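Have a look at the structure below before the remarks.
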Amino acid sequence: MDPETITAAIANNVRAQRAHRQMTLDELAARSGVSRGMLVQVEQGRTNPSINTLTRIADALGVTVARMVEVSDTPVVRVVNAADVVTFPHGEASSARLLVGTEAPAILELWDWRLAPGEHHDGDAHPPGTREMLTVLEGELTLTVYGRSHVIGADGAVVFSADRPHRYANGGRDPLRFVMVVTEPRGTPDH
C-alpha cells in the first residue's frame, strides 16, 4: 500500500475516532502525550507518524494501531495481501510490518519485525494489562523489560507484560526477524 493512502487513512481514522469520542485536540494531546501541533498535522494528512506516536494516539483513543491504518470497514473475513501490509521503516535497514489486527473481543495485533545488526526499538508502555508474545525467526533478540535483559534465539519464544517501557535490540552480527502478537484488554479510556 502506498504511503499516501496510509497517511490519508490515518488522518481520516484519527479524526473519526476523536469525533466519535467527542474529544478536542487538546484532550487527545493530554491523553496521548502527543503535541497538539503534531495531532493537527496527522489529522490533516501532512505527516506520516512514527510507530510510537501512532501507538500513543491509538491507546488514547482506545483502538488498535491496525484500526488507525485501516483503509475501509472490516468485513467478517479479511485477507490482507502482501501489497496491503503497512510497513513502518525503522532506522536504515529495519522495519516493523503490521500484518493484521482486530479490536473485538480484545485488541489484537500481529507484527513482523526486522532489525538490522546494532539497531533497536524502544517501545513505550502500553495500557495496563497489555501482553506481548513473540517468536524469533532469525537471529537473536535482546528484550529488555524493566531494566532486565533477556536473550531469545532463533525458534525461541517469550511472553511479557508490555504495560511498561521495553526495548527490542539486535546486538548480534546477523539480521533479526521476529513475529509478535500484542493483546490489550478491551477497556477503553472513554471517561
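Just so we're on the same page: first chain in the C-alpha cells is A, next is B, and so on; residues restart at 1 for each chain, and ligands are numbered from 1 in the order they show up.
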
What's around Ala58 in chain A at 8 Å? Count only C-alpha atoms, leave out sequence neighbours fewer than 6 positions away in its own chain, and write the answer as JSON, numbers by chain.
{"A": [64, 65, 68]}

Quick one: residues within 9 Å of Leu39 in chain A, only C-alpha atoms counted, chain neighbours fewer than 4 positions away excluded, as a ChimeraX atom specification?
/A:14,25,28-29,34-35,43-44,57

Output for the residues just chosen: all heavy atoms as a PDB file, in the first residue's frame:
```pdb
ATOM      1  N   VAL A  14      -8.065   8.939  12.683  1.00  0.00           N
ATOM      2  CA  VAL A  14      -7.831   9.706  13.916  1.00  0.00           C
ATOM      3  C   VAL A  14      -8.942  10.734  14.095  1.00  0.00           C
ATOM      4  O   VAL A  14      -9.529  10.861  15.177  1.00  0.00           O
ATOM      5  CB  VAL A  14      -6.439  10.384  13.919  1.00  0.00           C
ATOM      6  CG1 VAL A  14      -6.310  11.369  15.082  1.00  0.00           C
ATOM      7  CG2 VAL A  14      -5.333   9.331  13.998  1.00  0.00           C
ATOM      8  N   LEU A  25      -8.886  18.408  20.324  1.00  0.00           N
ATOM      9  CA  LEU A  25      -7.469  18.148  20.069  1.00  0.00           C
ATOM     10  C   LEU A  25      -6.655  18.266  21.356  1.00  0.00           C
ATOM     11  O   LEU A  25      -5.740  17.475  21.596  1.00  0.00           O
ATOM     12  CB  LEU A  25      -6.933  19.128  19.015  1.00  0.00           C
ATOM     13  CG  LEU A  25      -7.264  18.796  17.569  1.00  0.00           C
ATOM     14  CD1 LEU A  25      -6.939  19.982  16.672  1.00  0.00           C
ATOM     15  CD2 LEU A  25      -6.508  17.561  17.114  1.00  0.00           C
ATOM     16  N   LEU A  28      -7.116  15.073  23.410  1.00  0.00           N
ATOM     17  CA  LEU A  28      -6.356  13.968  22.837  1.00  0.00           C
ATOM     18  C   LEU A  28      -4.864  14.165  23.079  1.00  0.00           C
ATOM     19  O   LEU A  28      -4.145  13.218  23.393  1.00  0.00           O
ATOM     20  CB  LEU A  28      -6.650  13.804  21.343  1.00  0.00           C
ATOM     21  CG  LEU A  28      -5.928  12.651  20.635  1.00  0.00           C
ATOM     22  CD1 LEU A  28      -6.191  11.309  21.331  1.00  0.00           C
ATOM     23  CD2 LEU A  28      -6.341  12.591  19.170  1.00  0.00           C
ATOM     24  N   ALA A  29      -4.393  15.391  22.963  1.00  0.00           N
ATOM     25  CA  ALA A  29      -2.979  15.680  23.229  1.00  0.00           C
ATOM     26  C   ALA A  29      -2.627  15.331  24.672  1.00  0.00           C
ATOM     27  O   ALA A  29      -1.598  14.692  24.933  1.00  0.00           O
ATOM     28  CB  ALA A  29      -2.680  17.153  22.939  1.00  0.00           C
ATOM     29  N   VAL A  34       1.010  13.365  22.856  1.00  0.00           N
ATOM     30  CA  VAL A  34       1.428  13.839  21.535  1.00  0.00           C
ATOM     31  C   VAL A  34       1.008  15.304  21.441  1.00  0.00           C
ATOM     32  O   VAL A  34      -0.120  15.645  21.794  1.00  0.00           O
ATOM     33  CB  VAL A  34       0.769  13.005  20.414  1.00  0.00           C
ATOM     34  CG1 VAL A  34       1.101  13.564  19.039  1.00  0.00           C
ATOM     35  CG2 VAL A  34       1.197  11.544  20.516  1.00  0.00           C
ATOM     36  N   SER A  35       1.887  16.153  20.958  1.00  0.00           N
ATOM     37  CA  SER A  35       1.577  17.585  20.933  1.00  0.00           C
ATOM     38  C   SER A  35       0.372  17.883  20.038  1.00  0.00           C
ATOM     39  O   SER A  35       0.090  17.163  19.084  1.00  0.00           O
ATOM     40  CB  SER A  35       2.785  18.379  20.429  1.00  0.00           C
ATOM     41  OG  SER A  35       2.932  18.206  19.031  1.00  0.00           O
ATOM     42  N   GLU A  43      -3.970  14.695  11.549  1.00  0.00           N
ATOM     43  CA  GLU A  43      -5.366  14.761  11.100  1.00  0.00           C
ATOM     44  C   GLU A  43      -5.505  15.423   9.729  1.00  0.00           C
ATOM     45  O   GLU A  43      -6.486  15.179   9.034  1.00  0.00           O
ATOM     46  CB  GLU A  43      -6.245  15.477  12.129  1.00  0.00           C
ATOM     47  CG  GLU A  43      -6.530  14.638  13.340  1.00  0.00           C
ATOM     48  CD  GLU A  43      -7.666  15.194  14.187  1.00  0.00           C
ATOM     49  OE1 GLU A  43      -8.251  16.241  13.840  1.00  0.00           O
ATOM     50  OE2 GLU A  43      -7.971  14.559  15.216  1.00  0.00           O
ATOM     51  N   GLN A  44      -4.576  16.258   9.350  1.00  0.00           N
ATOM     52  CA  GLN A  44      -4.622  16.895   8.042  1.00  0.00           C
ATOM     53  C   GLN A  44      -3.849  16.108   6.985  1.00  0.00           C
ATOM     54  O   GLN A  44      -3.771  16.533   5.833  1.00  0.00           O
ATOM     55  CB  GLN A  44      -4.102  18.330   8.136  1.00  0.00           C
ATOM     56  CG  GLN A  44      -5.022  19.225   8.942  1.00  0.00           C
ATOM     57  CD  GLN A  44      -4.494  20.643   9.074  1.00  0.00           C
ATOM     58  OE1 GLN A  44      -3.365  20.957   8.683  1.00  0.00           O
ATOM     59  NE2 GLN A  44      -5.308  21.514   9.636  1.00  0.00           N
ATOM     60  N   ILE A  57      -1.390   7.655  20.174  1.00  0.00           N
ATOM     61  CA  ILE A  57      -2.694   8.175  19.736  1.00  0.00           C
ATOM     62  C   ILE A  57      -3.750   7.070  19.809  1.00  0.00           C
ATOM     63  O   ILE A  57      -4.848   7.281  20.340  1.00  0.00           O
ATOM     64  CB  ILE A  57      -2.607   8.754  18.306  1.00  0.00           C
ATOM     65  CG1 ILE A  57      -1.694  10.003  18.278  1.00  0.00           C
ATOM     66  CG2 ILE A  57      -4.002   9.095  17.778  1.00  0.00           C
ATOM     67  CD1 ILE A  57      -1.337  10.468  16.868  1.00  0.00           C
TER      68      ILE A  57
END
```

Could you find all residues in range 52-145 of chain A that DSSP calls strand (DSSP E) from the backbone, and write them as a VMD selection string?
chain A and resid 86 to 90 94 to 102 107 to 115 120 to 123 131 to 138 140 to 145

Would you please work out which residue, of A:Pro165, A:Gly37, A:Gly139, A:Pro3, is nearest to Asp124 in chain A when using only C-alpha atoms?
A:Pro165

When DSSP works through the backbone of this structure, what residues of range 65-148 of chain A end up as helix (DSSP H, G or I), shown as a PyMOL selection string?
chain A and resi 65-69+82-84

Write out the residues from the selection above, keeping N, CA and C atoms, as a PDB file, in the first residue's frame.
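And here is the file that came out, result-v3.pdb:
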```pdb
ATOM      1  N   VAL A  65      -3.541   0.095  16.625  1.00  0.00           N
ATOM      2  CA  VAL A  65      -2.799   0.730  15.538  1.00  0.00           C
ATOM      3  C   VAL A  65      -3.382   0.242  14.213  1.00  0.00           C
ATOM      4  N   ALA A  66      -3.779  -1.030  14.169  1.00  0.00           N
ATOM      5  CA  ALA A  66      -4.391  -1.573  12.948  1.00  0.00           C
ATOM      6  C   ALA A  66      -5.620  -0.760  12.547  1.00  0.00           C
ATOM      7  N   ARG A  67      -6.419  -0.356  13.517  1.00  0.00           N
ATOM      8  CA  ARG A  67      -7.618   0.446  13.226  1.00  0.00           C
ATOM      9  C   ARG A  67      -7.223   1.813  12.673  1.00  0.00           C
ATOM     10  N   MET A  68      -6.112   2.348  13.154  1.00  0.00           N
ATOM     11  CA  MET A  68      -5.665   3.666  12.699  1.00  0.00           C
ATOM     12  C   MET A  68      -5.231   3.647  11.237  1.00  0.00           C
ATOM     13  N   VAL A  69      -4.709   2.503  10.750  1.00  0.00           N
ATOM     14  CA  VAL A  69      -4.234   2.440   9.363  1.00  0.00           C
ATOM     15  C   VAL A  69      -5.234   1.746   8.446  1.00  0.00           C
ATOM     16  N   ALA A  82      -0.011  -9.185   0.655  1.00  0.00           N
ATOM     17  CA  ALA A  82       1.317  -8.623   0.926  1.00  0.00           C
ATOM     18  C   ALA A  82       1.399  -7.146   0.532  1.00  0.00           C
ATOM     19  N   ALA A  83       0.775  -6.773  -0.571  1.00  0.00           N
ATOM     20  CA  ALA A  83       0.828  -5.384  -1.032  1.00  0.00           C
ATOM     21  C   ALA A  83       0.075  -4.432  -0.111  1.00  0.00           C
ATOM     22  N   ASP A  84      -0.823  -4.973   0.737  1.00  0.00           N
ATOM     23  CA  ASP A  84      -1.626  -4.142   1.634  1.00  0.00           C
ATOM     24  C   ASP A  84      -1.096  -4.085   3.061  1.00  0.00           C
TER      25      ASP A  84
END
```

Which residues are close to Arg21 in chain A, i.e. within 8 Å by only C-alpha atoms, leaving aside same-chain residues fewer than 2 positions away? Reply as a PyMOL selection string.
chain A and resi 17-19+23+61+190
